[in-house]
>>> print(open('protein-v4.txt').read())   # compact mmCIF, C-alpha atoms
# COMPACT_ATOMS: atom_id res chain seq x y z
CA MET A 1011 -24.61 18.31 -25.09
CA GLN A 1012 -23.12 15.30 -26.84
CA HIS A 1013 -19.68 16.25 -25.61
CA THR A 1014 -20.54 16.33 -21.90
CA ARG A 1015 -22.42 13.07 -22.12
CA ASN A 1016 -19.36 11.43 -23.64
CA GLN A 1017 -17.27 12.86 -20.86
CA ASP A 1018 -19.71 11.60 -18.26
CA THR A 1019 -19.44 8.10 -19.68
CA LEU A 1020 -15.65 8.18 -19.72
CA VAL A 1021 -15.41 9.53 -16.18
CA GLY A 1022 -17.89 6.88 -15.09
CA LEU A 1023 -15.80 4.17 -16.74
CA PHE A 1024 -12.64 5.55 -15.14
CA VAL A 1025 -14.12 5.62 -11.64
CA ALA A 1026 -15.61 2.14 -12.12
CA ALA A 1027 -12.25 0.79 -13.31
CA GLY A 1028 -10.44 2.40 -10.38
CA ILE A 1029 -12.88 0.97 -7.85
CA ALA A 1030 -12.71 -2.41 -9.58
CA GLY A 1031 -8.91 -2.28 -9.26
CA LEU A 1032 -9.09 -1.53 -5.54
CA PHE A 1033 -11.74 -4.22 -5.10
CA PHE A 1034 -9.54 -6.70 -6.93
CA LEU A 1035 -6.65 -5.83 -4.58
CA ALA A 1036 -8.87 -6.27 -1.53
CA MET A 1037 -10.55 -9.52 -2.47
CA HIS A 1038 -8.10 -11.28 -4.72
CA VAL A 1039 -4.68 -10.16 -3.52
CA SER A 1040 -5.10 -9.77 0.23
CA ASN A 1041 -6.43 -12.18 2.82
CA LEU A 1042 -9.58 -10.17 3.41
CA SER A 1043 -11.84 -12.80 1.87
CA SER A 1044 -10.38 -15.79 3.70
CA PHE A 1045 -10.94 -14.79 7.33
CA SER A 1046 -12.75 -12.20 9.28
CA ASP A 1047 -12.43 -11.78 13.01
CA GLU A 1048 -16.10 -11.92 13.85
CA ASP A 1049 -16.72 -15.60 13.29
CA SER A 1050 -13.84 -16.97 15.29
CA TYR A 1051 -13.12 -18.03 18.87
CA ILE A 1052 -9.95 -17.69 20.90
CA VAL A 1053 -8.10 -20.39 22.78
CA THR A 1054 -4.73 -20.08 24.49
CA ALA A 1055 -1.75 -22.39 24.53
CA LYS A 1056 1.34 -22.13 26.70
CA PHE A 1057 4.61 -23.11 25.11
CA GLU A 1058 8.02 -23.63 26.73
CA ASN A 1059 9.39 -21.79 23.74
CA SER A 1060 7.38 -20.39 20.87
CA GLY A 1061 10.47 -19.83 18.70
CA GLY A 1062 9.99 -17.55 15.72
CA LEU A 1063 6.22 -17.57 15.91
CA LYS A 1064 4.69 -14.19 15.12
CA VAL A 1065 1.32 -12.53 15.42
CA LYS A 1066 -0.71 -13.50 12.31
CA SER A 1067 1.20 -16.76 11.87
CA PRO A 1068 -1.18 -19.43 10.59
CA VAL A 1069 -2.82 -22.07 12.76
CA SER A 1070 -3.44 -25.26 10.87
CA ALA A 1071 -4.82 -28.72 11.46
CA ALA A 1072 -3.97 -31.60 9.10
CA GLY A 1073 -2.29 -29.06 6.83
CA VAL A 1074 -5.37 -26.85 6.41
CA LYS A 1075 -5.31 -23.31 7.72
CA ILE A 1076 -8.06 -22.90 10.31
CA GLY A 1077 -7.02 -19.75 12.14
CA LYS A 1078 -4.22 -17.43 13.11
CA VAL A 1079 -2.12 -16.34 16.07
CA THR A 1080 -3.48 -13.13 17.59
CA SER A 1081 -1.07 -12.43 20.43
CA ILE A 1082 2.11 -13.78 22.00
CA THR A 1083 3.01 -12.75 25.55
CA PHE A 1084 5.47 -13.92 28.16
CA ASP A 1085 4.04 -15.21 31.42
CA PRO A 1086 6.40 -14.06 34.23
CA LYS A 1087 5.11 -16.68 36.69
CA THR A 1088 5.49 -19.87 34.69
CA TYR A 1089 8.20 -18.51 32.37
CA LYS A 1090 6.21 -19.72 29.41
CA SER A 1091 5.10 -18.10 26.21
CA VAL A 1092 1.32 -17.59 26.14
CA VAL A 1093 -0.01 -17.76 22.59
CA GLU A 1094 -3.58 -16.79 21.75
CA LEU A 1095 -5.01 -18.62 18.79
CA SER A 1096 -8.04 -17.33 16.96
CA ILE A 1097 -9.78 -20.26 15.30
CA ASN A 1098 -12.57 -20.03 12.77
CA SER A 1099 -15.93 -20.88 14.37
CA LYS A 1100 -16.63 -23.39 11.62
CA TYR A 1101 -14.11 -25.64 13.35
CA ASN A 1102 -15.60 -25.77 16.85
CA THR A 1103 -15.29 -29.51 17.31
CA LEU A 1104 -11.64 -29.71 18.36
CA PRO A 1105 -11.28 -32.10 21.34
CA ASP A 1106 -9.92 -30.58 24.56
CA ASP A 1107 -6.90 -32.87 24.52
CA THR A 1108 -5.67 -31.42 21.23
CA THR A 1109 -1.89 -31.08 20.95
CA ALA A 1110 -0.49 -27.74 19.78
CA SER A 1111 3.02 -27.73 18.32
CA VAL A 1112 5.13 -25.07 16.66
CA PHE A 1113 6.33 -26.31 13.28
CA THR A 1114 8.28 -24.77 10.46
CA ALA A 1115 6.93 -24.85 6.92
CA GLY A 1116 9.82 -26.18 4.86
CA LEU A 1117 13.45 -25.65 5.80
CA LEU A 1118 13.41 -21.86 5.67
CA GLY A 1119 9.67 -21.26 5.77
CA GLU A 1120 7.70 -19.40 8.37
CA GLN A 1121 6.65 -21.01 11.64
CA TYR A 1122 3.06 -21.98 12.32
CA VAL A 1123 1.00 -23.67 15.02
CA ASN A 1124 -0.11 -27.17 14.17
CA LEU A 1125 -3.08 -28.65 16.04
CA GLU A 1126 -3.33 -32.40 16.34
CA PRO A 1127 -6.76 -33.49 17.62
CA GLY A 1128 -6.85 -36.03 20.45
CA GLY A 1129 -9.57 -38.53 21.30
CA SER A 1130 -11.54 -36.75 24.00
CA ASP A 1131 -15.31 -36.41 23.78
CA THR A 1132 -15.46 -32.84 25.10
CA TYR A 1133 -14.65 -29.97 22.80
CA LEU A 1134 -12.43 -26.94 23.30
CA LYS A 1135 -14.54 -23.95 24.28
CA LYS A 1136 -14.16 -20.25 23.72
CA GLY A 1137 -11.39 -18.99 26.00
CA GLY A 1138 -10.22 -22.52 26.73
CA GLU A 1139 -6.64 -23.63 27.01
CA ILE A 1140 -4.76 -26.25 25.05
CA GLU A 1141 -2.78 -28.08 27.71
CA ILE A 1142 -0.57 -30.39 25.70
CA THR A 1143 1.99 -28.34 23.80
CA GLN A 1144 5.23 -29.00 22.02
CA SER A 1145 7.83 -26.24 21.70
CA ALA A 1146 9.47 -24.99 18.57
CA ILE A 1147 12.67 -26.73 17.55
CA ILE A 1148 15.44 -24.20 17.93
CA LEU A 1149 18.00 -25.00 15.27
CA GLU A 1150 20.98 -23.63 17.22
CA LYS A 1151 20.03 -25.72 20.24
CA ALA A 1152 19.63 -28.87 18.14
CA ILE A 1153 23.00 -28.35 16.44
CA GLY A 1154 24.62 -27.62 19.80
CA GLN A 1155 23.25 -30.82 21.29
CA PHE A 1156 24.36 -32.80 18.26
CA LEU A 1157 27.92 -31.42 18.40
CA PHE A 1158 28.10 -31.97 22.14
CA LYS A 1159 26.93 -35.53 21.76
CA SER A 1160 29.37 -36.37 18.97
CA ALA A 1161 32.23 -34.80 20.92
CA ALA A 1162 31.32 -36.91 23.95
CA GLU A 1163 31.25 -40.05 21.83
CA GLU A 1164 34.70 -39.32 20.41
CA LYS A 1165 36.18 -39.12 23.92
CA LYS A 1166 35.09 -42.66 24.68
CA MET B 1299 31.49 35.95 3.81
CA MET B 1300 28.94 38.61 4.68
CA ASP B 1301 27.49 38.26 1.19
CA PHE B 1302 27.06 34.56 1.72
CA ILE B 1303 25.26 35.05 5.02
CA GLU B 1304 23.12 37.75 3.53
CA GLY B 1305 22.24 35.48 0.60
CA LEU B 1306 21.33 32.67 2.99
CA GLY B 1307 19.12 35.00 4.96
CA SER B 1308 17.30 36.33 1.95
CA SER B 1309 16.74 32.87 0.48
CA THR B 1310 15.37 31.70 3.84
CA ARG B 1311 13.05 34.68 3.86
CA THR B 1312 11.80 34.05 0.33
CA SER B 1313 11.30 30.34 0.91
CA PHE B 1314 9.34 30.97 4.10
CA ASN B 1315 7.36 33.57 2.25
CA LYS B 1316 6.58 31.06 -0.49
CA LEU B 1317 5.62 28.41 2.06
CA GLY B 1318 3.29 30.90 3.70
CA ARG B 1319 1.66 31.81 0.40
CA ALA B 1320 1.31 28.10 -0.46
CA THR B 1321 -0.37 27.36 2.86
CA PHE B 1322 -2.71 30.32 2.49
CA PHE B 1323 -3.50 29.16 -1.04
CA LEU B 1324 -4.23 25.65 0.24
CA GLY B 1325 -6.59 27.07 2.85
CA GLN B 1326 -8.46 29.03 0.18
CA THR B 1327 -8.62 25.95 -2.03
CA VAL B 1328 -9.96 23.70 0.70
CA SER B 1329 -12.51 26.26 1.80
CA GLY B 1330 -14.02 26.12 -1.69
CA ILE B 1331 -14.72 22.39 -1.55
CA MET B 1332 -18.31 22.81 -0.39
CA SER B 1333 -19.24 25.12 -3.23
CA VAL B 1334 -17.61 22.79 -5.79
CA LEU B 1335 -19.57 19.83 -4.45
CA LEU B 1336 -22.73 21.81 -5.12
CA ARG B 1337 -21.67 22.09 -8.77
CA PRO B 1338 -20.42 18.61 -9.61
CA GLY B 1339 -20.22 19.46 -13.31
CA LEU B 1340 -17.01 21.41 -12.71
CA LEU B 1341 -15.49 18.50 -10.84
CA LEU B 1342 -16.55 16.00 -13.49
CA LYS B 1343 -14.84 17.99 -16.24
CA GLN B 1344 -11.61 18.02 -14.25
CA LEU B 1345 -11.89 14.34 -13.36
CA TYR B 1346 -11.96 13.79 -17.10
CA SER B 1347 -8.83 15.83 -17.85
CA VAL B 1348 -6.89 14.73 -14.76
CA GLY B 1349 -8.04 11.15 -14.28
CA VAL B 1350 -9.31 9.75 -17.56
CA MET B 1351 -6.45 11.26 -19.55
CA SER B 1352 -3.91 9.64 -17.19
CA PHE B 1353 -5.66 6.29 -17.34
CA LEU B 1354 -3.78 4.90 -20.32
CA ILE B 1355 -0.25 5.86 -19.23
CA ILE B 1356 -0.90 4.47 -15.75
CA THR B 1357 -2.27 1.12 -16.87
CA ILE B 1358 0.39 0.56 -19.54
CA SER B 1359 3.22 1.50 -17.17
CA GLY B 1360 1.68 -0.67 -14.47
CA LEU B 1361 1.55 -3.65 -16.79
CA PHE B 1362 5.20 -3.27 -17.76
CA VAL B 1363 6.42 -2.62 -14.22
CA GLY B 1364 4.61 -5.77 -13.09
CA MET B 1365 6.07 -7.79 -15.95
CA VAL B 1366 9.61 -6.60 -15.20
CA LEU B 1367 9.12 -7.40 -11.50
CA GLY B 1368 7.94 -10.88 -12.45
CA LEU B 1369 10.97 -11.42 -14.66
CA GLN B 1370 13.62 -10.05 -12.31
CA GLY B 1371 12.02 -11.55 -9.24
CA TYR B 1372 11.91 -14.95 -10.87
CA TYR B 1373 15.64 -14.96 -11.65
CA THR B 1374 16.60 -14.01 -8.11
CA LEU B 1375 14.06 -16.22 -6.35
CA SER B 1376 14.86 -19.29 -8.48
CA ASP B 1377 18.42 -19.20 -7.08
CA PHE B 1378 16.88 -20.11 -3.74
CA GLY B 1379 14.28 -22.46 -5.19
CA ALA B 1380 11.59 -20.07 -4.02
CA GLU B 1381 9.87 -19.25 -7.33
CA GLU B 1382 6.52 -19.96 -5.69
CA THR B 1383 6.80 -16.81 -3.60
CA LEU B 1384 7.00 -14.68 -6.76
CA GLY B 1385 3.40 -13.57 -6.23
CA VAL B 1386 4.20 -12.29 -2.75
CA MET B 1387 7.20 -10.34 -4.00
CA VAL B 1388 5.36 -8.76 -6.94
CA ALA B 1389 2.23 -7.94 -4.93
CA ALA B 1390 4.02 -6.62 -1.85
CA SER B 1391 6.36 -4.35 -3.79
CA LEU B 1392 3.54 -3.05 -5.97
CA VAL B 1393 0.92 -2.52 -3.29
CA ARG B 1394 3.24 -1.04 -0.70
CA GLU B 1395 5.68 1.00 -2.76
CA LEU B 1396 5.69 0.98 -6.53
CA GLY B 1397 1.95 1.39 -7.04
CA PRO B 1398 1.55 4.60 -5.05
CA VAL B 1399 5.00 6.04 -5.84
CA VAL B 1400 5.37 5.36 -9.56
CA SER B 1401 1.77 6.29 -10.33
CA ALA B 1402 2.21 9.52 -8.35
CA LEU B 1403 5.40 10.34 -10.28
CA LEU B 1404 3.64 9.64 -13.57
CA PHE B 1405 0.67 11.67 -12.36
CA ALA B 1406 2.94 14.61 -11.55
CA GLY B 1407 4.52 14.39 -14.99
CA ARG B 1408 1.31 13.83 -16.94
CA ALA B 1409 -1.37 15.75 -15.07
CA GLY B 1410 0.60 18.02 -12.71
CA SER B 1411 2.65 19.71 -15.43
CA ALA B 1412 -0.50 20.22 -17.53
CA LEU B 1413 -2.29 21.83 -14.58
CA THR B 1414 0.60 24.21 -13.91
CA ALA B 1415 0.89 25.22 -17.56
CA GLU B 1416 -2.88 25.70 -17.86
CA ILE B 1417 -3.20 27.88 -14.79
CA GLY B 1418 0.02 29.75 -15.48
CA LEU B 1419 -1.26 30.61 -18.96
CA MET B 1420 -4.64 31.63 -17.54
CA LYS B 1421 -2.74 33.99 -15.28
CA ALA B 1422 -0.50 35.25 -18.10
CA THR B 1423 -3.50 35.97 -20.34
CA GLU B 1424 -5.22 37.67 -17.38
CA GLN B 1425 -8.16 35.30 -17.35
CA LEU B 1426 -7.88 34.96 -13.59
CA SER B 1427 -7.97 38.72 -13.03
CA GLY B 1428 -10.84 38.91 -15.52
CA MET B 1429 -12.81 36.52 -13.34
CA GLU B 1430 -12.11 38.61 -10.29
CA MET B 1431 -13.43 41.64 -12.17
CA MET B 1432 -16.66 39.72 -12.66
CA ALA B 1433 -16.74 38.96 -8.92
CA ILE B 1434 -16.05 35.26 -9.46
CA ASP B 1435 -13.53 33.78 -7.08
CA PRO B 1436 -10.95 32.18 -9.42
CA VAL B 1437 -9.70 29.87 -6.65
CA LYS B 1438 -13.14 28.37 -6.09
CA ARG B 1439 -14.05 28.28 -9.76
CA ILE B 1440 -10.73 27.10 -11.26
CA ILE B 1441 -8.41 25.71 -8.57
CA THR B 1442 -10.63 23.76 -6.18
CA PRO B 1443 -12.26 21.48 -8.82
CA ARG B 1444 -8.82 20.55 -10.13
CA PHE B 1445 -7.51 19.93 -6.62
CA LEU B 1446 -10.43 17.68 -5.74
CA ALA B 1447 -10.10 15.84 -9.05
CA GLY B 1448 -6.44 15.11 -8.30
CA LEU B 1449 -7.28 13.96 -4.80
CA ILE B 1450 -9.95 11.56 -6.08
CA SER B 1451 -8.06 10.29 -9.12
CA MET B 1452 -4.78 9.46 -7.42
CA PRO B 1453 -5.91 6.49 -5.23
CA LEU B 1454 -7.96 5.11 -8.13
CA LEU B 1455 -4.98 5.35 -10.46
CA ALA B 1456 -2.63 3.80 -7.90
CA GLY B 1457 -5.05 0.94 -7.30
CA LEU B 1458 -5.31 0.34 -11.04
CA PHE B 1459 -1.53 0.46 -11.37
CA SER B 1460 -1.06 -2.20 -8.67
CA ALA B 1461 -3.87 -4.41 -9.96
CA VAL B 1462 -2.64 -4.32 -13.55
CA GLY B 1463 0.94 -4.84 -12.37
CA ILE B 1464 0.03 -7.95 -10.37
CA ILE B 1465 -1.73 -9.37 -13.42
CA GLY B 1466 1.33 -8.48 -15.52
CA GLY B 1467 3.57 -10.32 -13.06
CA GLN B 1468 1.27 -13.31 -13.28
CA ILE B 1469 1.36 -13.27 -17.09
CA VAL B 1470 5.16 -13.35 -17.10
CA GLY B 1471 5.55 -15.57 -14.05
CA SER B 1472 3.14 -18.36 -14.80
CA GLY B 1473 2.63 -17.79 -18.51
CA LEU B 1474 6.24 -17.45 -19.60
CA LEU B 1475 8.42 -18.80 -16.82
CA GLY B 1476 6.29 -21.64 -15.49
CA VAL B 1477 5.52 -20.62 -11.90
CA ASP B 1478 2.46 -22.49 -10.70
CA GLU B 1479 -0.53 -20.19 -11.04
CA GLY B 1480 -2.26 -21.50 -7.91
CA ALA B 1481 0.87 -20.94 -5.84
CA TYR B 1482 1.25 -17.43 -7.23
CA TRP B 1483 -2.18 -16.38 -5.98
CA SER B 1484 -2.44 -18.45 -2.79
CA GLN B 1485 0.97 -17.42 -1.43
CA MET B 1486 0.07 -13.83 -2.23
CA GLN B 1487 -3.24 -14.06 -0.41
CA ALA B 1488 -1.57 -15.65 2.60
CA SER B 1489 1.03 -12.90 2.98
CA ILE B 1490 -0.65 -9.67 1.88
CA ASP B 1491 -2.74 -8.18 4.66
CA PHE B 1492 -5.70 -5.99 3.79
CA TYR B 1493 -5.17 -3.35 6.47
CA ASP B 1494 -1.38 -3.39 6.74
CA ASP B 1495 -0.61 -3.47 3.06
CA ILE B 1496 -3.52 -2.36 0.93
CA VAL B 1497 -5.09 0.29 3.15
CA ASN B 1498 -1.66 1.75 3.87
CA GLY B 1499 -0.93 1.84 0.13
CA VAL B 1500 -4.19 3.68 -0.48
CA ILE B 1501 -3.39 6.17 2.32
CA LYS B 1502 -0.01 6.77 0.69
CA SER B 1503 -1.59 7.47 -2.67
CA ILE B 1504 -4.10 9.90 -1.16
CA VAL B 1505 -1.23 11.80 0.48
CA PHE B 1506 0.69 11.84 -2.80
CA GLY B 1507 -2.36 13.00 -4.72
CA PHE B 1508 -2.84 15.81 -2.21
CA VAL B 1509 0.79 16.94 -2.42
CA ALA B 1510 1.16 16.59 -6.19
CA SER B 1511 -2.03 18.54 -6.92
CA TRP B 1512 -1.21 21.19 -4.35
CA ILE B 1513 2.27 21.77 -5.77
CA ALA B 1514 1.06 21.79 -9.39
CA LEU B 1515 -1.79 24.23 -8.72
CA PHE B 1516 0.23 26.53 -6.50
CA GLU B 1517 3.14 26.73 -8.94
CA GLY B 1518 0.72 27.63 -11.73
CA TYR B 1519 -1.09 30.19 -9.59
CA ASP B 1520 2.18 31.65 -8.34
CA ALA B 1521 3.95 31.66 -11.74
CA ILE B 1522 5.46 34.84 -13.13
CA PRO B 1523 2.94 35.67 -15.87
CA THR B 1524 5.31 35.45 -18.83
CA SER B 1525 6.03 32.56 -21.15
CA GLU B 1526 9.39 32.02 -19.44
CA GLY B 1527 7.80 32.18 -16.01
CA VAL B 1528 5.21 29.57 -16.95
CA SER B 1529 7.85 27.24 -18.37
CA ARG B 1530 9.92 27.57 -15.20
CA ALA B 1531 6.88 26.94 -13.04
CA THR B 1532 6.12 23.78 -15.01
CA THR B 1533 9.66 22.51 -14.46
CA ARG B 1534 9.45 23.32 -10.76
CA THR B 1535 6.20 21.40 -10.50
CA VAL B 1536 7.73 18.20 -11.83
CA VAL B 1537 10.95 18.54 -9.80
CA ASN B 1538 9.30 19.56 -6.52
CA SER B 1539 6.55 16.96 -6.84
CA ALA B 1540 9.10 14.21 -7.43
CA PHE B 1541 11.16 15.30 -4.41
CA SER B 1542 8.14 15.60 -2.15
CA ILE B 1543 6.66 12.28 -3.24
CA LEU B 1544 9.90 10.36 -2.71
CA GLY B 1545 10.69 12.11 0.57
CA LEU B 1546 7.19 11.64 1.94
CA ASP B 1547 7.26 8.03 0.81
CA PHE B 1548 10.25 7.38 3.04
CA ILE B 1549 8.57 9.02 6.02
CA LEU B 1550 5.27 7.23 5.45
CA THR B 1551 7.00 3.89 4.98
CA ALA B 1552 8.94 4.36 8.20
CA LEU B 1553 5.71 5.21 10.05
CA MET B 1554 3.61 2.44 8.52
CA PHE B 1555 5.92 -0.51 8.19
CA GLY B 1556 8.56 0.46 10.74
CA ASP B 1557 7.35 -1.61 13.67
CA HIS B 1558 8.01 -5.05 12.23
>>> encode(input="protein-v4.txt", output="structure tokens")
Amino acid sequence: MQHTRNQDTLVGLFVAAGIAGLFFLAMHVSNLSSFSDEDSYIVTAKFENSGGLKVKSPVSAAGVKIGKVTSITFDPKTYKSVVELSINSKYNTLPDDTTASVFTAGLLGEQYVNLEPGGSDTYLKKGGEIEITQSAIILEKAIGQFLFKSAAEEKK
Amino acid sequence: MMDFIEGLGSSTRTSFNKLGRATFFLGQTVSGIMSVLLRPGLLLKQLYSVGVMSFLIITISGLFVGMVLGLQGYYTLSDFGAEETLGVMVAASLVRELGPVVSALLFAGRAGSALTAEIGLMKATEQLSGMEMMAIDPVKRIITPRFLAGLISMPLLAGLFSAVGIIGGQIVGSGLLGVDEGAYWSQMQASIDFYDDIVNGVIKSIVFGFVASWIALFEGYDAIPTSEGVSRATTRTVVNSAFSILGLDFILTALMFGDH
């Protein structure tokens, strides 16, 4: 039965290699290892304009990724964009006067939520709301304002 | 004109007939799964000839596809000063598309054609009817183990293809062209999602494995039992598998990645 035993070994090696490949994809290539949803808490922030922010966009503080955006909805009463942020439970000491702003990574990079901690002694709780927000900079709007301003200056 | 219409009608009839036979055949094959699982030796032997024998061609092709992606991607991305996103490009294209599709095409060429030829020859030399004479169901004994082996091997092979390709892209990207290795991996990890990208890629490869094995086995089982018939069936296997894989890939991609 030497032949079958050899075959068994080779099949075993093949299956092990295949599973190792899939495992490598899961742990090393995707973001599975960095965050799981269980150990995180959700806070909301209302923005005048959330720009090109998307679900799964990163949430970072001081340049370190600490969570992600889980949903973006439009509030028909206040006409604001309601963004739910899921933040890793490790970082549960954010003050409740934290500022949330929508920034762009680089000139053409993706947009993300930046949290700037304030000086309050009480911390943001699960389901809490970040009250101080800063909207995304809309490039078209900024260029429009700039052109308008320079045109007005020329008239003088 | 009448001839044309008549020809159209008869070809419709034969193709529906073939589809019906193929579906019936699939039902018979699937119904034998339980009895094959009780005799894992049969399955193991087929895993060897279908999976292990395709291992080398899949890993070597994966390595080269990844290296070419790294090279071509680098030239295009460096025009925009975005070499750092090379990892994202290589990983996304491999995990979502090239891994499942190219490995399925190679699988159809390497393993599928061999299956068709093997079963066609068994039919031509009347081994299948011989089994029936001995009251052994040839579908359960011969077809089902091969079908299951294809179904199991395909996602493993596709995963290997993608993994080896991503490493190949890294070898070329950061080894040869000077992309920062940390950026290659970290940008990749930030953009590739486990459920959206990797699980969907694995689902694709399971579907392709199902279709490629089904086509290969049915063409062999349905072959005209002459040497010419077997050679034609083998050709049909490769052509039909390639069409089905590429067509299904479009549909699956539209379903999986269509909403964003």
>>> interface_residues(input="protein-v4.txt", of="chain A", to="chain B", cutoff="10 Å", atoms="only C-alpha atoms", output="PyMOL selection string")
chain A and resi 1014+1017-1044+1066-1068+1075
>>> closest_residue(input="protein-v4.txt", among="A:Leu1134, A:Ala1055, A:Ile1142, A:Leu1063", to="A:Lys1090", atoms="all atoms listed in the file")
A:Ala1055
>>> axis_aligned_box(input="protein-v4.txt", around="stretch 1088-1094 of chain A", padding_each_side="5 Å", output="lines of an AutoDock Vina configuration file")
center_x = 2.3
center_y = -18.3
center_z = 28.2
size_x = 21.8
size_y = 13.1
size_z = 22.9
>>> atom_distance(input="protein-v4.txt", atom1="atom CA of B:Ser1308", atom2="atom CA of B:Pro1523")
22.9 Å
>>> atom_distance(input="protein-v4.txt", atom1="atom CA of A:Thr1108", atom2="atom CA of A:Gly1129")
8.1 Å
>>> closest_residue(input="protein-v4.txt", among="B:Leu1367, B:Val1399, B:Ala1433, B:Leu1336", to="B:Ile1501", atoms="all atoms listed in the file")
B:Val1399
>>> residues_around(input="protein-v4.txt", residues="stretch 1147-1158 of chain A", least_positions_apart="6", cutoff="10 Å", atoms="all atoms listed in the file", output="PyMOL selection string")
chain A and resi 1059-1062+1111-1114
>>> residues_around(input="protein-v4.txt", residues="B:Gly1371", least_positions_apart="3", cutoff="8 Å", atoms="all atoms listed in the file", output="mmCIF file with C-alpha atoms, in the frame of the given file")
data_model
loop_
_atom_site.group_PDB
_atom_site.id
_atom_site.type_symbol
_atom_site.label_atom_id
_atom_site.label_comp_id
_atom_site.auth_asym_id
_atom_site.auth_seq_id
_atom_site.Cartn_x
_atom_site.Cartn_y
_atom_site.Cartn_z
ATOM 1 C CA LEU B 1367 9.120 -7.400 -11.500
ATOM 2 C CA GLY B 1368 7.940 -10.880 -12.450
ATOM 3 C CA THR B 1374 16.600 -14.010 -8.110
ATOM 4 C CA LEU B 1375 14.060 -16.220 -6.350
ATOM 5 C CA LEU B 1384 7.000 -14.680 -6.760
ATOM 6 C CA MET B 1387 7.200 -10.340 -4.000
ATOM 7 C CA VAL B 1388 5.360 -8.760 -6.940
#
>>> atom_distance(input="protein-v4.txt", atom1="atom CA of B:Leu1392", atom2="atom CA of B:Gly1448")
20.9 Å
>>> closest_residue(input="protein-v4.txt", among="B:Ser1529, B:Asn1315, B:Ser1542, B:Thr1327", to="B:Ser1411", atoms="only C-alpha atoms")
B:Ser1529
>>> closest_residue(input="protein-v4.txt", among="B:Met1300, B:Ala1510, B:Val1437, B:Ala1412", to="B:Phe1322", atoms="all atoms listed in the file")
B:Val1437
>>> closest_residue(input="protein-v4.txt", among="B:Thr1357, B:Thr1414, B:Ser1401, B:Ser1313", to="B:Tyr1519", atoms="all atoms listed in the file")
B:Thr1414
>>> closest_residue(input="protein-v4.txt", among="B:Met1432, B:Val1334, B:Val1505, B:Val1348", to="B:Gly1407", atoms="only C-alpha atoms")
B:Val1348
>>> residues_around(input="protein-v4.txt", residues="stretch 1081-1088 of chain A", least_positions_apart="5", cutoff="7 Å", atoms="only C-alpha atoms", output="list in words")
Val1065, Val1093 and Glu1094 of chain A
>>> residues_around(input="protein-v4.txt", residues="A:Val1074", least_positions_apart="3", cutoff="12 Å", atoms="only C-alpha atoms", output="ChimeraX atom specification")
/A:1068-1071,1077-1078,1097-1098,1101,1122-1126
>>> residues_near_point(input="protein-v4.txt", point="(5.5, -17.5, -18.4)", cutoff="12 Å", atoms="only C-alpha atoms", output="mmCIF file with C-alpha atoms, in the coordinates of the input")
data_model
loop_
_atom_site.group_PDB
_atom_site.id
_atom_site.type_symbol
_atom_site.label_atom_id
_atom_site.label_comp_id
_atom_site.auth_asym_id
_atom_site.auth_seq_id
_atom_site.Cartn_x
_atom_site.Cartn_y
_atom_site.Cartn_z
ATOM 1 C CA MET B 1365 6.070 -7.790 -15.950
ATOM 2 C CA GLY B 1368 7.940 -10.880 -12.450
ATOM 3 C CA LEU B 1369 10.970 -11.420 -14.660
ATOM 4 C CA TYR B 1372 11.910 -14.950 -10.870
ATOM 5 C CA ILE B 1465 -1.730 -9.370 -13.420
ATOM 6 C CA GLY B 1466 1.330 -8.480 -15.520
ATOM 7 C CA GLY B 1467 3.570 -10.320 -13.060
ATOM 8 C CA GLN B 1468 1.270 -13.310 -13.280
ATOM 9 C CA ILE B 1469 1.360 -13.270 -17.090
ATOM 10 C CA VAL B 1470 5.160 -13.350 -17.100
ATOM 11 C CA GLY B 1471 5.550 -15.570 -14.050
ATOM 12 C CA SER B 1472 3.140 -18.360 -14.800
ATOM 13 C CA GLY B 1473 2.630 -17.790 -18.510
ATOM 14 C CA LEU B 1474 6.240 -17.450 -19.600
ATOM 15 C CA LEU B 1475 8.420 -18.800 -16.820
ATOM 16 C CA GLY B 1476 6.290 -21.640 -15.490
ATOM 17 C CA VAL B 1477 5.520 -20.620 -11.900
ATOM 18 C CA ASP B 1478 2.460 -22.490 -10.700
ATOM 19 C CA GLU B 1479 -0.530 -20.190 -11.040
ATOM 20 C CA TYR B 1482 1.250 -17.430 -7.230
#
>>> residues_near_point(input="protein-v4.txt", point="(-2.4, 32.6, -22.1)", cutoff="12 Å", atoms="only C-alpha atoms", output="PyMOL selection string")
chain B and resi 1415-1426+1518+1523-1525+1527-1528
